[in-house]
Amino acid sequence: MSTPIMSHLVLGYPSLSESILTAEAYIAAGCAILELQIPFSHPTADGPVITQACREAVEKNNISVDDCLGALADIRTRFPEQEIIVMSYLNRVFTYGLPNFCQQLRKLDIRHLIVPDLPVDSPQAVTIQNNGITLVPVLAANVSTERLKKLLDRDFDFYYLMSDFKITGSTFSLHPRLEAVIQQIRATQPAARIGIGFGISTKEHVQLVTSTVDYAIIGSTFIKAKMDGNLGQVMGALTAA
Amino acid sequence: MQIIETETTYKSAILNGKGHFGPYGGCYVPEVLMPALEEMAQAFEEIQHDPIFLKEFQDTLNEISGRPTAFTPLPRISKRLGGAMLYMKNEGLNHTGAHKINHCIGQALLAKRLGKQRIIAETGAGQHGYATAAVCARLGLDCTVYMGRKDYERQRPNVYWMELLGSKVVPVDDGSQTLNDAVIAAFKDWVANPESFYLLGSAVGPHPFPAMNTFFQKIVGEEIREQCLNMAGKLPDYCIACVGGGSNAMGIFYNFLDEASVSLIGVEAGGKGTKPGEHASKLKRGVEGIFEGYHSYFLQDGTGNIAATHSVSAGLDYCGVSPILAWLSDEGRIQFENASDEEALNAVQSIAREEGFIIALESAHGFAHAFKLAPTLSKEQVIVINASGRGEKDLFITMRHFQEESLLTYAKHLLNT
Ligand SMILES: Cc1ncc(COP(=O)(O)O)c(C=O)c1O
């Protein structure tokens with residue numbers, strides 16, 4: 001039985017092999033989707049927990065994009081059915097070469113990519129879409145009706161909503177206008193999937209979020225638990241039916 | 001002197017390009033910031049042709065910052081170097097001590113026009129933060145300034161001024177604790193508070209900042225054109241500016257971009273060596289990237305991570321550079337050089353002893369290059385250097401270098417009284 005959770009981790013933290021083990025633990029707990037982040041030296045939209053995980057992966061472990069692709073291949077070989085979404089800040093994949101990066105993802109049967117600092121209608125976004133990878137727009141409650149209408153005319157099929165105006169790992173709250181954003185997406189693209197993330201840290205948050213959208217996205221809470229050595233316990237509490 | 005108009009009109013391309021400068025520029029931010037940036041870009045389009053706004057901008061520059069700033073010949077140093085005649089544009093005479101206040105006044109007036117109440121800013125040397133704090137105090141705007149911990153410590157006098165002016169100064173403990181980390185912290189604040197106005201301190205960042213700050217800084221070159229014609233009887237043969245993000249450089253260069261007879265030289269921080277982490281020379285040693293909202297050259301580690309930088313001057317100690325300068329570098333319109341920490345410190349001393357001015361360490365990089373160039377030119381040629389700031393803020397850095405004993409004695413005195 002899968003739980004409607006998209007669980008996030010930073011590849012290469014605390015080491016490449018341990019991040020693979022964490023991914024396996026997420027799968028074992030029944031998380032519907034894995035969101036695997038390529039570490040970056042300066043994660044501009046992340047809070048202190050993910051920033052620290054990125055820093056250790058980059059500075060201590062020297063994790064390259066190829067290392068990450070290797071880890072993804074490893075997970076894919078053993079879990080051919082598991083849905084995986086990759087997340088990266090733009091500069092790492094831009095300097096790697098976007099077409100090449102997208103081809104590698106496709107070989108691993110990975111279809112979606114989240115790039116938080118890439119507007120989904122910019123030239124590099126077009127390159128990504130043209131190479132067979134679907135970007136996941138990360139939207140907040142202030143997306144205008146017209147802007148969302150424009151995005152809904154494109155080929156996206158998964159939307160990531162920020163719970164409120166905040167960076168990852170902040171205290172949870174749900175912005176009241178998200179309801180309208182969700183309705184607009186549902187009305188135009190009933191088949192599209194929607195996840196809400198940023199600040200989700202309790203079972204109540206998960207229940208609240210998944211009562212209106214498809215997935216609760218959890219990052220900092222799990223990574224913090226990993227840092228504190230109680231991931232199993234925290235995961236158990238959040239994923240229990 | 002004949003003015004040669006070239007075919008290209010770089011000037012119009014910069015202001016009318018919607019944030020695209022050749023392949024560079026753009027607006028690479030999380031979607032949550034798009035409404036704020038679109039609103040700002042729209043307002044920037046409007047004010048460029050709004051006589052009321054433009055008059056208020058000019059009046060404010062004159063009233064609170066004493067524009068036009070002086071254009072000063074440097075006869076003793078020119079004579080010693082034995083070549084071209086050197087002049088400096090003294091932006092250090094501005095209120096708060098640097099050119100930064102030009103774009104601060106412009107952006108703060110724009111924020112007011114948009115009905116914004118809260119301002120966010122980053123600062124390196126503290127000059128942009130200091131100017132922002134002063135303008136916010138005058139306009140009654142709430143102001144929060146982010147500053148890397150290392151800069152917070154080494155530019156302490158400016159921290160104190162900002163606080164005295166009623167701003168909140170937040171030291172940033174992330175990463176290398178310099179300007180880059182302050183920019184990121186400011187962006188994170190903006191993501192959490194998208195109704196605030198981010199008043200960015202250089203010709204970098206997402207559209208409209210690079211073009212907008214160029215627009216607010218171009219007054220520097222406009223004044224130089226007139227002052228230089230009056231005083232030297234001709235336009236400059238060379239204009240030189242230090243380059244951190246590029247705001248003072250765009251200020252002095254913009255007016256002359258379409259005149260091939262005026263050579264333009266940007267001088268980056270050579271720091272203490274050419275190895276990664278020892279300098280901040282983006283255009284000489286950086287590679288293409290997309291970071292902090294814009295596509296340009298960045299100092300990187302070769303695998304897409306941003307590298308550490310070093311400069312004795314906090315204002316140049318930054319990993320990226322204006323996308324406009326990146327384009328004009330590729331185009332060959334602007335030449336880029338660098339000057340070391342040591343050369344900059346020596347230039348501060350020369351200008352102090354021979355001409356009577358204490359210039360900022362940032363600006364000193366431009367002077368250091370001018371000292372190398374001048375002897376290779378003839379007496380008829382004119383070099384204009386942008387003295388982007390005055391050097392009082394560097395008291396504890398230059399004093400430690402030139403008179404460490406007296407600094408320590410003074411510190412002991414303070415502790416004992
Ligand atoms: C006096 C002075 N000059 C130059 C700079 C560098 O910035 P920019 O390249 O944007 O002019 C600074 C930045 O703090 C500064 O304070």
# chains A, B, ... in the order shown; residues from 1 in each chain; ligands from 1
>>> interface_residues(of="chain B", to="chain A", cutoff="7 Å", atoms="only C-alpha atoms", output="list in words")
Tyr28, Val29, Pro30, Glu31, Val32, Ile184, Lys188, Val191, Ala192, Asn193, Gly289, Ile290, Phe291, Thr303, Gly304, Asn305 and Ile306 of chain B
>>> write_last_selection(atoms="N, CA and C atoms", output="compact mmCIF listing (two decimals), in the first residue's frame")
# COMPACT_ATOMS: atom_id res chain seq x y z
N TYR B 28 15.61 34.53 -13.80
CA TYR B 28 15.57 33.14 -13.33
C TYR B 28 15.31 33.09 -11.83
N VAL B 29 14.04 33.16 -11.49
CA VAL B 29 13.67 33.15 -10.08
C VAL B 29 12.53 32.18 -9.86
N PRO B 30 12.33 31.76 -8.59
CA PRO B 30 11.15 30.95 -8.30
C PRO B 30 9.88 31.70 -8.70
N GLU B 31 8.91 30.94 -9.15
CA GLU B 31 7.64 31.50 -9.62
C GLU B 31 7.02 32.47 -8.60
N VAL B 32 7.23 32.20 -7.31
CA VAL B 32 6.63 33.03 -6.26
C VAL B 32 7.09 34.49 -6.35
N ILE B 184 21.61 35.87 -1.24
CA ILE B 184 20.72 34.72 -1.09
C ILE B 184 19.78 34.92 0.09
N LYS B 188 15.69 35.00 0.07
CA LYS B 188 14.85 34.14 0.90
C LYS B 188 13.84 34.96 1.68
N VAL B 191 11.12 35.79 -0.78
CA VAL B 191 10.22 34.66 -1.03
C VAL B 191 9.17 34.56 0.10
N ALA B 192 9.63 34.81 1.33
CA ALA B 192 8.72 34.74 2.46
C ALA B 192 7.84 35.99 2.56
N ASN B 193 8.28 37.08 1.94
CA ASN B 193 7.54 38.35 1.99
C ASN B 193 7.47 38.98 0.60
N GLY B 289 27.13 30.78 -16.50
CA GLY B 289 26.24 30.09 -15.57
C GLY B 289 24.94 30.86 -15.40
N ILE B 290 24.03 30.28 -14.64
CA ILE B 290 22.77 30.96 -14.32
C ILE B 290 22.56 30.83 -12.82
N PHE B 291 22.58 31.96 -12.15
CA PHE B 291 22.56 31.93 -10.68
C PHE B 291 22.03 33.27 -10.18
N THR B 303 32.04 22.08 -11.68
CA THR B 303 30.95 21.10 -11.74
C THR B 303 29.61 21.77 -11.44
N GLY B 304 29.55 23.09 -11.66
CA GLY B 304 28.27 23.78 -11.51
C GLY B 304 27.98 24.31 -10.12
N ASN B 305 28.95 24.16 -9.21
CA ASN B 305 28.80 24.82 -7.92
C ASN B 305 29.50 26.17 -7.96
N ILE B 306 29.01 27.10 -7.13
CA ILE B 306 29.57 28.44 -7.09
C ILE B 306 30.81 28.41 -6.19
>>> residues_near_ligand(ligand="ligand 1", cutoff="8 Å", atoms="only C-alpha atoms and all ligand atoms", output="number ranges by chain")
B: 92, 97-100, 123-128, 201-204, 242-250, 314-316, 321, 360-363, 387-391
>>> write_last_selection(atoms="C-alpha atoms", output="tab-separated table (two decimals), in the first residue's frame")
chain	number	residue	atom	x	y	z
B	92	GLY	CA	32.75	59.47	-2.99
B	97	GLY	CA	30.04	58.05	0.53
B	98	ALA	CA	29.55	56.14	-2.71
B	99	HIS	CA	27.75	55.95	-6.05
B	100	LYS	CA	25.32	53.44	-4.52
B	123	THR	CA	25.19	44.71	1.19
B	124	GLY	CA	28.85	43.79	0.83
B	125	ALA	CA	31.06	46.72	1.77
B	126	GLY	CA	28.07	48.18	3.53
B	127	GLN	CA	27.89	51.12	1.12
B	128	HIS	CA	24.72	49.95	-0.60
B	201	GLY	CA	22.64	46.91	-4.92
B	202	SER	CA	24.26	46.39	-8.29
B	203	ALA	CA	23.65	45.84	-12.01
B	204	VAL	CA	23.09	42.11	-11.35
B	242	CYS	CA	36.29	48.89	-10.71
B	243	VAL	CA	33.86	45.99	-11.15
B	244	GLY	CA	32.13	44.15	-8.36
B	245	GLY	CA	28.65	43.56	-9.72
B	246	GLY	CA	29.01	46.42	-12.16
B	247	SER	CA	26.83	49.32	-11.02
B	248	ASN	CA	29.51	52.01	-10.85
B	249	ALA	CA	31.03	50.67	-14.07
B	250	MET	CA	27.71	50.88	-15.93
B	314	ALA	CA	34.27	43.66	0.43
B	315	GLY	CA	32.44	45.43	-2.42
B	316	LEU	CA	34.28	43.45	-5.11
B	321	VAL	CA	28.99	40.06	-12.66
B	360	ALA	CA	37.57	53.38	-1.25
B	361	LEU	CA	39.51	50.12	-1.67
B	362	GLU	CA	37.03	49.08	-4.37
B	363	SER	CA	37.68	52.20	-6.45
B	387	ALA	CA	36.23	57.11	-7.73
B	388	SER	CA	33.11	55.15	-6.82
B	389	GLY	CA	33.47	55.71	-3.09
B	390	ARG	CA	35.45	57.38	-0.37
B	391	GLY	CA	37.66	55.35	1.92
>>> atom_distance(atom1="CA of Ile397 (chain B)", atom2="CA of Gly277 (chain B)")
19.7 Å
>>> select_by_dssp(residues="region 16-150 of chain A", states="strand (DSSP E)", output="ChimeraX atom specification")
/A:31-37,83-87,112-114,134-135,138-139
>>> atom_distance(atom1="CA of Ile128 (chain A)", atom2="CA of Ile38 (chain A)")
16.4 Å
>>> select_by_dssp(residues="region 112-348 of chain B", states="helix (DSSP H, G or I)", output="ChimeraX atom specification")
/B:112-113,127-139,149-154,156-164,179-192,209-217,219-232,247-256,282-285,314-316,323-330,341-348
>>> residues_around(residues="Phe53 (chain B)", least_positions_apart="4", cutoff="10 Å", atoms="only C-alpha atoms", output="JSON list (two decimals) with C-alpha atoms, in the first residue's frame")
[["chain", "number", "residue", "atom", "x", "y", "z"],
["B", 46, "GLU", "CA", 6.83, 53.61, -17.19],
["B", 47, "ILE", "CA", 9.20, 55.79, -15.21],
["B", 48, "GLN", "CA", 11.78, 55.95, -18.00],
["B", 49, "HIS", "CA", 9.36, 58.19, -19.88],
["B", 57, "PHE", "CA", 14.69, 61.60, -9.18],
["B", 58, "GLN", "CA", 17.01, 64.37, -10.35],
["B", 59, "ASP", "CA", 15.83, 66.80, -7.65],
["B", 106, "GLY", "CA", 15.83, 55.65, -7.92],
["B", 109, "LEU", "CA", 11.18, 56.30, -5.36],
["B", 110, "LEU", "CA", 9.95, 53.43, -7.49],
["B", 113, "ARG", "CA", 5.31, 54.73, -6.39]]
>>> residues_around(residues="Ala111 (chain B)", least_positions_apart="6", cutoff="10 Å", atoms="only C-alpha atoms", output="mmCIF file with N, CA, C and O atoms, in the first residue's frame")
data_model
loop_
_atom_site.group_PDB
_atom_site.id
_atom_site.type_symbol
_atom_site.label_atom_id
_atom_site.label_comp_id
_atom_site.auth_asym_id
_atom_site.auth_seq_id
_atom_site.Cartn_x
_atom_site.Cartn_y
_atom_site.Cartn_z
ATOM 1 N N MET B 40 7.596 45.286 -10.917
ATOM 2 C CA MET B 40 8.738 46.194 -10.898
ATOM 3 C C MET B 40 9.179 46.541 -12.326
ATOM 4 O O MET B 40 9.463 47.704 -12.642
ATOM 5 N N ALA B 43 6.782 48.987 -13.853
ATOM 6 C CA ALA B 43 6.990 50.332 -13.300
ATOM 7 C C ALA B 43 8.253 50.954 -13.884
ATOM 8 O O ALA B 43 8.290 52.149 -14.192
ATOM 9 N N ILE B 105 18.219 55.878 -4.475
ATOM 10 C CA ILE B 105 17.175 56.904 -4.596
ATOM 11 C C ILE B 105 16.180 56.489 -5.686
ATOM 12 O O ILE B 105 14.967 56.522 -5.489
ATOM 13 N N GLN B 117 5.953 49.334 1.526
ATOM 14 C CA GLN B 117 6.266 49.881 2.848
ATOM 15 C C GLN B 117 7.543 49.295 3.417
ATOM 16 O O GLN B 117 8.128 49.851 4.314
ATOM 17 N N ARG B 118 7.912 48.127 2.910
ATOM 18 C CA ARG B 118 9.061 47.443 3.501
ATOM 19 C C ARG B 118 10.107 47.169 2.431
ATOM 20 O O ARG B 118 9.791 46.641 1.366
ATOM 21 N N ILE B 119 11.351 47.500 2.755
ATOM 22 C CA ILE B 119 12.465 47.326 1.830
ATOM 23 C C ILE B 119 13.395 46.243 2.364
ATOM 24 O O ILE B 119 13.672 46.179 3.565
ATOM 25 N N LEU B 141 10.443 54.416 5.064
ATOM 26 C CA LEU B 141 10.248 53.010 4.697
ATOM 27 C C LEU B 141 10.978 52.117 5.693
ATOM 28 O O LEU B 141 12.094 52.428 6.117
ATOM 29 N N SER B 196 7.127 42.735 -0.109
ATOM 30 C CA SER B 196 8.203 43.695 0.156
ATOM 31 C C SER B 196 8.876 44.086 -1.158
ATOM 32 O O SER B 196 8.678 43.444 -2.185
ATOM 33 N N PHE B 197 9.690 45.123 -1.106
ATOM 34 C CA PHE B 197 10.434 45.559 -2.290
ATOM 35 C C PHE B 197 11.899 45.221 -2.061
ATOM 36 O O PHE B 197 12.499 45.657 -1.085
ATOM 37 N N TYR B 198 12.467 44.430 -2.971
ATOM 38 C CA TYR B 198 13.889 44.129 -2.873
ATOM 39 C C TYR B 198 14.653 45.226 -3.599
ATOM 40 O O TYR B 198 14.497 45.390 -4.801
ATOM 41 N N LEU B 199 15.458 45.960 -2.837
ATOM 42 C CA LEU B 199 16.234 47.067 -3.403
ATOM 43 C C LEU B 199 17.661 46.568 -3.596
ATOM 44 O O LEU B 199 18.475 46.604 -2.675
#
>>> closest_residue(among="A:Ser163, A:Thr221, A:Thr145, A:Thr239", to="Gly30 (chain A)", atoms="only C-alpha atoms")
A:Thr239
>>> atom_distance(atom1="CA of Val183 (chain B)", atom2="CA of Pro323 (chain B)")
16.2 Å
>>> residues_around(residues="Leu36 (chain A)", least_positions_apart="2", cutoff="8 Å", atoms="only C-alpha atoms", output="count of residues only")
10
>>> residues_around(residues="Ile200 (chain A)", least_positions_apart="3", cutoff="7 Å", atoms="only C-alpha atoms", output="list of chain:residue names")
A:Phe172, A:Gly197, A:His205, A:Val206, A:Ile218
>>> residues_around(residues="region 83-85 of chain B", least_positions_apart="4", cutoff="10 Å", atoms="only C-alpha atoms", output="ChimeraX atom specification")
/B:73-79,232,236-238,370-371,373-384
>>> closest_residue(among="A:Thr127, A:Thr134, A:Ser7, A:Thr212", to="Arg111 (chain A)", atoms="only C-alpha atoms")
A:Thr134
>>> closest_residue(among="A:Gln82, A:Asn230, A:Asn130, A:Asn61", to="Ile27 (chain A)", atoms="only C-alpha atoms")
A:Gln82
>>> closest_residue(among="B:His365, B:Arg333, B:Lys116, B:Arg285", to="Val348 (chain B)", atoms="only C-alpha atoms")
B:His365
